[in-house]
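Have a look at protein_8.tsv below; it lists TSV, C-alpha atoms.
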```
chain	number	residue	atom	x	y	z
Y	1	MET	CA	69.22	15.14	-17.86
Y	2	LYS	CA	67.67	15.20	-21.31
Y	3	LYS	CA	66.65	11.56	-21.58
Y	4	PRO	CA	64.09	11.46	-18.73
Y	5	LEU	CA	62.37	14.46	-20.28
Y	6	LEU	CA	62.36	12.69	-23.62
Y	7	THR	CA	60.89	9.54	-22.13
Y	8	ALA	CA	58.23	11.62	-20.40
Y	9	LEU	CA	57.36	13.34	-23.67
Y	10	LEU	CA	57.27	10.03	-25.45
Y	11	PHE	CA	54.89	8.64	-22.84
Y	12	ALA	CA	52.68	11.72	-22.96
Y	13	ALA	CA	52.48	11.54	-26.74
Y	14	LEU	CA	51.34	7.93	-26.67
Y	15	PRO	CA	48.15	7.79	-24.65
Y	16	ALA	CA	46.90	4.28	-23.89
Y	17	TYR	CA	49.88	2.80	-25.74
Y	18	ALA	CA	49.69	-0.89	-24.92
Y	19	ALA	CA	52.96	-2.20	-23.49
Y	20	THR	CA	53.94	-5.16	-21.34
Y	21	PRO	CA	55.04	-4.71	-17.71
Y	22	LEU	CA	58.54	-5.86	-18.77
Y	23	GLU	CA	58.74	-3.20	-21.51
Y	24	ILE	CA	57.76	-0.50	-19.05
Y	25	GLN	CA	60.39	-1.75	-16.60
Y	26	GLN	CA	63.00	-1.65	-19.38
Y	27	SER	CA	62.21	1.95	-20.23
Y	28	TYR	CA	62.88	2.83	-16.58
Y	29	ALA	CA	66.19	0.97	-16.82
Y	30	ALA	CA	67.28	3.31	-19.61
Y	31	GLU	CA	66.29	6.27	-17.47
Y	32	ALA	CA	68.02	4.86	-14.37
Y	33	LYS	CA	71.29	4.55	-16.28
Y	34	GLN	CA	71.03	8.21	-17.19
Y	35	GLN	CA	70.39	9.23	-13.58
Y	36	ASN	CA	73.15	7.00	-12.21
Y	37	PRO	CA	76.00	5.62	-14.37
Y	38	ALA	CA	76.65	2.94	-11.71
Y	39	PHE	CA	73.13	1.52	-12.19
Y	40	LYS	CA	73.15	-2.27	-12.70
Y	41	GLU	CA	69.67	-3.76	-12.39
Y	42	PHE	CA	66.37	-3.59	-10.60
Y	43	SER	CA	65.63	-5.63	-7.50
Y	44	ALA	CA	62.22	-7.09	-6.64
Y	45	ALA	CA	63.32	-7.39	-2.98
Y	46	ARG	CA	64.12	-3.67	-2.82
Y	47	GLY	CA	60.80	-2.96	-4.55
Y	48	GLU	CA	58.93	-4.95	-1.93
Y	49	GLN	CA	60.68	-3.04	0.84
Y	50	PHE	CA	59.67	0.23	-0.81
Y	51	TYR	CA	56.08	-1.03	-1.20
Y	52	ARG	CA	55.73	-1.71	2.53
Y	53	ALA	CA	57.93	0.97	4.12
Y	54	LYS	CA	56.23	3.70	6.13
Y	55	SER	CA	57.45	7.10	4.97
Y	56	ALA	CA	58.27	10.11	7.13
Y	57	LYS	CA	54.75	11.32	6.28
Y	58	GLY	CA	53.33	8.20	7.96
Y	59	SER	CA	51.98	6.64	4.77
Y	60	SER	CA	53.01	3.79	2.48
Y	61	CYS	CA	52.06	2.26	-0.85
Y	62	ALA	CA	50.49	-0.60	1.13
Y	63	ALA	CA	48.23	1.90	2.95
Y	64	CYS	CA	45.94	1.96	-0.11
Y	65	HIS	CA	47.08	-1.10	-2.06
Y	66	THR	CA	47.09	-3.33	1.09
Y	67	ASP	CA	49.89	-5.64	2.31
Y	68	ASN	CA	49.09	-7.98	-0.58
Y	69	PRO	CA	49.28	-6.49	-4.11
Y	70	LYS	CA	47.00	-9.30	-5.33
Y	71	ALA	CA	44.20	-8.13	-3.05
Y	72	GLU	CA	41.64	-5.39	-3.70
Y	73	GLY	CA	42.83	-2.15	-2.12
Y	74	ARG	CA	40.97	0.62	-0.38
Y	75	HIS	CA	41.70	4.34	-0.70
Y	76	GLU	CA	43.05	5.52	2.63
Y	77	LYS	CA	41.12	8.81	2.57
Y	78	THR	CA	37.95	8.16	0.58
Y	79	GLY	CA	37.34	4.45	1.25
Y	80	LYS	CA	36.86	3.69	-2.47
Y	81	ALA	CA	37.82	0.18	-3.63
Y	82	ILE	CA	41.00	-0.06	-5.75
Y	83	ALA	CA	41.45	-3.02	-8.12
Y	84	PRO	CA	44.55	-5.19	-7.37
Y	85	LEU	CA	47.93	-3.80	-8.42
Y	86	ALA	CA	49.77	-7.03	-9.29
Y	87	PRO	CA	49.51	-7.94	-13.02
Y	88	VAL	CA	48.92	-11.61	-12.08
Y	89	ALA	CA	45.65	-10.55	-10.42
Y	90	ASN	CA	44.75	-7.73	-12.81
Y	91	SER	CA	45.96	-7.99	-16.39
Y	92	GLU	CA	45.33	-4.28	-17.11
Y	93	ARG	CA	48.06	-3.21	-14.69
Y	94	LEU	CA	51.41	-1.93	-15.97
Y	95	THR	CA	50.29	-1.92	-19.61
Y	96	ASP	CA	49.81	1.82	-20.15
Y	97	PRO	CA	53.07	3.81	-19.70
Y	98	ALA	CA	51.29	7.17	-19.39
Y	99	LYS	CA	48.98	5.83	-16.70
Y	100	VAL	CA	51.87	4.30	-14.78
Y	101	GLU	CA	53.80	7.60	-14.90
Y	102	LYS	CA	50.73	9.57	-13.82
Y	103	TRP	CA	50.22	7.45	-10.71
Y	104	PHE	CA	53.91	7.30	-9.78
Y	105	LYS	CA	53.93	11.11	-9.89
Y	106	ARG	CA	50.84	11.42	-7.70
Y	107	ASN	CA	51.44	8.59	-5.26
Y	108	CYS	CA	55.16	9.24	-4.69
Y	109	GLN	CA	54.25	12.87	-3.94
Y	110	ASP	CA	51.52	11.82	-1.49
Y	111	VAL	CA	53.52	9.10	0.26
Y	112	GLN	CA	57.11	10.40	0.08
Y	113	GLY	CA	56.53	14.11	-0.44
Y	114	ARG	CA	58.81	13.94	-3.52
Y	115	SER	CA	59.00	12.23	-6.88
Y	116	CYS	CA	60.43	8.72	-7.12
Y	117	SER	CA	63.69	7.97	-8.94
Y	118	ALA	CA	63.76	5.70	-11.98
Y	119	GLN	CA	65.54	3.15	-9.76
Y	120	GLU	CA	62.64	3.16	-7.28
Y	121	LYS	CA	60.03	2.90	-10.04
Y	122	GLY	CA	61.84	0.00	-11.72
Y	123	ASP	CA	62.33	-1.85	-8.42
Y	124	PHE	CA	58.62	-1.38	-7.70
Y	125	ILE	CA	57.62	-2.82	-11.08
Y	126	ALA	CA	60.09	-5.69	-10.68
Y	127	TYR	CA	58.40	-6.50	-7.36
Y	128	LEU	CA	54.87	-6.40	-8.81
Y	129	ARG	CA	55.97	-8.60	-11.71
Y	130	SER	CA	57.49	-11.12	-9.28
Y	131	VAL	CA	54.23	-11.58	-7.36
Y	132	LYS	CA	52.81	-14.93	-8.42
Q	1	MET	CA	-3.48	4.26	-31.45
Q	2	LYS	CA	-3.21	8.02	-31.32
Q	3	LYS	CA	-3.98	8.19	-27.61
Q	4	LEU	CA	-1.23	5.72	-26.82
Q	5	LEU	CA	1.30	7.78	-28.72
Q	6	LEU	CA	0.27	10.93	-26.93
Q	7	LEU	CA	0.54	9.37	-23.48
Q	8	PRO	CA	4.34	9.17	-23.32
Q	9	LEU	CA	4.53	12.81	-24.36
Q	10	PHE	CA	2.38	13.74	-21.40
Q	11	LEU	CA	4.35	11.61	-18.99
Q	12	LEU	CA	7.70	13.04	-19.98
Q	13	PRO	CA	7.50	16.46	-18.31
Q	14	ILE	CA	5.68	14.99	-15.31
Q	15	SER	CA	8.33	12.40	-14.57
Q	16	ALA	CA	11.02	15.05	-14.96
Q	17	LEU	CA	9.31	17.04	-12.23
Q	18	ALA	CA	8.63	14.07	-9.99
Q	19	ASP	CA	12.17	12.75	-9.80
Q	20	GLY	CA	12.69	14.55	-6.49
Q	21	GLY	CA	16.14	15.74	-7.48
Q	22	GLY	CA	17.71	12.33	-7.09
Q	23	LYS	CA	18.84	11.80	-10.71
Q	24	LEU	CA	22.02	13.81	-11.02
Q	25	ALA	CA	23.96	12.18	-13.87
Q	26	PRO	CA	25.21	14.73	-16.43
Q	27	THR	CA	23.12	15.10	-19.61
Q	28	ALA	CA	26.20	14.46	-21.79
Q	29	ALA	CA	28.96	11.88	-21.52
Q	30	ASN	CA	32.66	12.60	-21.18
Q	31	PRO	CA	34.91	9.52	-20.94
Q	32	LYS	CA	37.90	11.49	-19.60
Q	33	TRP	CA	35.89	13.00	-16.76
Q	34	GLN	CA	34.35	9.60	-16.06
Q	35	ALA	CA	37.72	7.84	-15.89
Q	36	GLU	CA	39.89	10.49	-14.20
Q	37	CYS	CA	37.42	11.85	-11.66
Q	38	SER	CA	36.21	8.45	-10.46
Q	39	ALA	CA	39.65	6.96	-9.67
Q	40	CYS	CA	39.69	7.97	-6.00
Q	41	HIS	CA	35.99	8.57	-5.29
Q	42	VAL	CA	32.70	8.58	-7.23
Q	43	ALA	CA	32.61	11.12	-10.03
Q	44	TYR	CA	30.64	13.83	-8.22
Q	45	PRO	CA	27.68	15.26	-10.16
Q	46	PRO	CA	28.83	18.46	-11.95
Q	47	ALA	CA	25.38	20.02	-11.34
Q	48	LEU	CA	26.11	20.31	-7.61
Q	49	LEU	CA	28.65	23.16	-7.85
Q	50	PRO	CA	28.75	26.40	-9.84
Q	51	GLU	CA	31.11	26.86	-12.76
Q	52	ARG	CA	33.47	29.11	-10.77
Q	53	SER	CA	33.93	26.33	-8.19
Q	54	TRP	CA	34.85	23.76	-10.81
Q	55	ARG	CA	37.32	26.16	-12.44
Q	56	LYS	CA	39.02	26.85	-9.11
Q	57	LEU	CA	39.12	23.17	-8.21
Q	58	MET	CA	40.57	22.22	-11.60
Q	59	GLY	CA	43.23	24.90	-11.20
Q	60	GLY	CA	44.57	23.27	-8.04
Q	61	LEU	CA	44.67	19.53	-8.72
Q	62	GLU	CA	48.24	19.16	-7.44
Q	63	ARG	CA	46.98	19.95	-3.98
Q	64	HIS	CA	43.50	18.43	-4.09
Q	65	PHE	CA	42.15	17.98	-0.54
Q	66	GLY	CA	45.52	16.71	0.61
Q	67	SER	CA	46.09	14.48	-2.45
Q	68	ASP	CA	47.99	14.98	-5.69
Q	69	ALA	CA	45.37	14.54	-8.45
Q	70	SER	CA	47.37	16.31	-11.16
Q	71	LEU	CA	46.58	15.77	-14.85
Q	72	ASP	CA	48.32	16.67	-18.08
Q	73	ALA	CA	47.24	20.08	-19.39
Q	74	ALA	CA	45.15	18.83	-22.34
Q	75	THR	CA	43.11	16.43	-20.20
Q	76	ALA	CA	42.58	19.06	-17.49
Q	77	LYS	CA	41.36	21.54	-20.09
Q	78	GLU	CA	38.86	19.10	-21.60
Q	79	ILE	CA	37.48	18.11	-18.18
Q	80	THR	CA	37.22	21.75	-17.06
Q	81	ALA	CA	35.17	22.62	-20.14
Q	82	PHE	CA	32.92	19.62	-19.54
Q	83	LEU	CA	32.37	20.46	-15.86
Q	84	ALA	CA	31.60	24.07	-16.75
Q	85	SER	CA	29.04	23.00	-19.36
Q	86	GLN	CA	27.30	20.74	-16.82
Q	87	SER	CA	27.69	23.01	-13.77
Q	88	ALA	CA	24.87	24.22	-11.55
Q	89	ASP	CA	24.76	27.55	-13.45
Q	90	ARG	CA	24.03	25.78	-16.71
Q	91	ALA	CA	22.18	22.62	-15.67
Q	92	SER	CA	18.82	24.42	-15.15
Q	93	SER	CA	17.33	21.62	-13.05
Q	94	ARG	CA	15.44	22.19	-9.81
Q	95	THR	CA	18.28	20.71	-7.81
Q	96	SER	CA	20.93	22.94	-9.38
Q	97	ALA	CA	18.71	26.00	-8.80
Q	98	LYS	CA	18.50	25.07	-5.11
Q	99	VAL	CA	22.24	24.53	-4.93
Q	100	LEU	CA	22.87	28.00	-6.37
Q	101	ARG	CA	20.36	29.70	-4.06
Q	102	GLY	CA	22.33	28.46	-1.06
Q	103	ILE	CA	25.66	29.93	-2.22
Q	104	ALA	CA	26.44	33.63	-1.68
Q	105	PRO	CA	27.56	35.36	-4.92
Q	106	GLY	CA	31.05	35.98	-3.55
Q	107	ASP	CA	31.56	32.39	-2.35
Q	108	THR	CA	33.40	29.72	-4.32
Q	109	PRO	CA	32.93	26.49	-2.36
Q	110	LEU	CA	35.21	23.61	-3.35
Q	111	ARG	CA	33.20	21.01	-1.51
Q	112	ILE	CA	29.66	19.88	-2.34
Q	113	THR	CA	29.40	18.72	1.27
Q	114	GLU	CA	29.90	22.29	2.53
Q	115	THR	CA	27.02	23.79	0.56
Q	116	ALA	CA	23.81	24.78	2.37
Q	117	TRP	CA	21.89	22.59	-0.09
Q	118	PHE	CA	23.86	19.47	0.88
Q	119	GLN	CA	23.48	20.16	4.57
Q	120	ARG	CA	19.72	20.66	4.23
Q	121	GLN	CA	19.33	17.36	2.32
Q	122	HIS	CA	21.18	15.57	5.08
Q	123	ASP	CA	20.03	17.38	8.22
Q	124	GLU	CA	18.21	14.32	9.58
Q	125	ILE	CA	21.34	12.18	9.70
Q	126	ARG	CA	22.71	11.77	13.20
Q	127	ALA	CA	26.24	13.09	13.76
Q	128	ASP	CA	27.66	9.66	14.62
Q	129	ALA	CA	26.42	8.12	11.33
Q	130	TRP	CA	28.97	10.22	9.38
Q	131	LYS	CA	31.77	8.76	11.46
Q	132	ARG	CA	30.95	5.05	11.08
Q	133	PRO	CA	33.93	3.16	9.64
Q	134	LYS	CA	32.04	2.28	6.45
Q	135	VAL	CA	31.21	5.96	5.84
Q	136	GLY	CA	34.25	7.84	7.13
Q	137	SER	CA	33.45	11.11	5.41
Q	138	PRO	CA	30.30	12.87	4.09
Q	139	ALA	CA	32.12	12.96	0.73
Q	140	ASN	CA	31.81	9.15	0.56
Q	141	CYS	CA	28.42	9.40	-1.21
Q	142	ALA	CA	28.55	5.77	-2.39
Q	143	ALA	CA	28.57	4.49	1.20
Q	144	CYS	CA	24.88	5.43	1.52
Q	145	HIS	CA	23.75	6.00	-2.07
Q	146	ALA	CA	24.04	2.63	-3.85
Q	147	GLY	CA	23.57	4.27	-7.28
Q	148	ALA	CA	26.09	7.08	-6.75
Q	149	ASP	CA	28.49	5.80	-9.42
Q	150	GLN	CA	25.64	6.22	-11.95
Q	151	GLY	CA	24.68	9.65	-10.61
Q	152	ASP	CA	21.55	8.12	-9.06
Q	153	TYR	CA	20.83	9.58	-5.61
Q	154	ALA	CA	17.10	8.72	-5.51
Q	155	GLU	CA	15.66	8.48	-1.99
Q	156	HIS	CA	14.49	4.88	-2.19
Q	157	LYS	CA	18.04	3.66	-2.78
Q	158	VAL	CA	19.54	5.33	0.29
Q	159	ARG	CA	20.83	3.07	3.06
Q	160	ILE	CA	23.11	4.25	5.85
Q	161	PRO	CA	25.55	1.42	6.70
Q	162	ARG	CA	25.73	0.17	10.29
```
Go ahead and express the file in the form of structure tokens.
Amino acid sequence: MKKPLLTALLFAALPAYAATPLEIQQSYAAEAKQQNPAFKEFSAARGEQFYRAKSAKGSSCAACHTDNPKAEGRHEKTGKAIAPLAPVANSERLTDPAKVEKWFKRNCQDVQGRSCSAQEKGDFIAYLRSVK
Amino acid sequence: MKKLLLLPLFLLPISALADGGGKLAPTAANPKWQAECSACHVAYPPALLPERSWRKLMGGLERHFGSDASLDAATAKEITAFLASQSADRASSRTSAKVLRGIAPGDTPLRITETAWFQRQHDEIRADAWKRPKVGSPANCAACHAGADQGDYAEHKVRIPR
């Protein structure tokens, strides 16, 4: 229980800390182990499923980020353009841990009506990293 | 030489009056406001709502018009102070004075698009134009105002998409 809080504090204390997508994924692996001792690894396939799945609230990550994470997205409610989410198409993505946490918090709440687990976040990043 | 130097001084107040209320960018910069409040829509001009509206809006970012727009406390505090300092009560432009005149003292509107000022500026737009797919919502300023991301709402740049 204490580790996730610590990671969150660490992230908050390091604004705009430049990391690689892999490093951010690894920090979620540490957190996932804490949440679930049986945790083994992240899966890009599971992340892709999560990316596309329609939630009970009728939304999905793809609703704003489109079916293709390499494409420019469009905000479902406001129509504003959203730069591509996949690092291969947008090198700024998944390089700022605090920014990544901020958007997971918001978007998981909006789409799922709850926060995402470390497993879900890591799977999601593994998927985005696998997009070539 | 002297005349030429004097000329710009004369033009300054005149051009400030003649801008028709279309130039709404804040008079100071704040990178946090610029980055955080333009992620999902254009950063709306602070001069279009009173200070009490911005404070109420900033106090409820977790449930922000159906979206979670929450921020860490330090960032929220900095942006709130910035919005307050640039709000309609403190902007002292003709546009902000008009905005304030249309709001009853007891009202705290959270939407610019619900103010009497906004509705008067846009009363010639046909109802169906707001619903076109490329517009979607009156809050989508940038759909019609090409300079909205720079705070430029000047009349000659307005174009309603088909």
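Residues from chain Y that have an atom within 10 Å of chain Q, counting only C-alpha atoms, are Ala12, Arg74, His75, Glu76, Lys77, Thr78, Gly79, Lys80, Ala81, Ile82, Lys102, Trp103, Lys105, Arg106, Asn107, Cys108, Gln109, Asp110 and Val111 of chain Y.
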Given only C-alpha atoms as the counted atoms, nearest of Y:Arg114, Y:Phe104, Y:Val131, Y:Gln35 to Y:Ala71: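 Counting only C-alpha atoms, the residue closest to Y:Ala71 is Y:Val131.
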Distance query Q:Thr75 at most 10 Å, only C-alpha atoms, self and fewer than 6 positions along chain excluded, as JSON, numbers by chain: {"Q": [32, 33, 36]}
Computed interatomic separation between atom CA of Q:Val99 and atom CA of Q:Ala35 (Å):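 So the two atoms, atom CA of Q:Val99 and atom CA of Q:Ala35, lie 25.3 Å apart.
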Å distance separating atom CA of Q:Thr27 from atom CA of Y:Ala98, one decimal place: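 If I compute the distance from atom CA of Q:Thr27 to atom CA of Y:Ala98, I get 29.3 Å.
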Atomic separation - atom CA of Q:Ala43 relative to atom CA of Q:Ile160, Å: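 Distance between the two atoms: 19.7 Å.
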Near-Y:Asp67 list (12 Å; only C-alpha atoms; drop same-chain fewer than 2 positions) as number ranges by chain: Y: 48-54, 60-65, 69-74, 84-86
Selection: 8 Å around Q:Trp117, all atoms listed in the file, excl. self and same-chain fewer than 3 positions, as a ChimeraX atom specification: /Q:98-99,102,120-121
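Candidate residues Q:Trp130, Q:Tyr44, Q:Tyr153, Q:Trp54 were compared for distance to Q:Thr108, and the nearest is Q:Trp54, using only C-alpha atoms.
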Nearest residue to Q:Ala116 from the set Q:Ala84, Q:Leu48, Q:Ala74, Q:Leu61 (distances using only C-alpha atoms):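 So, comparing all the options, the nearest one is Q:Leu48.
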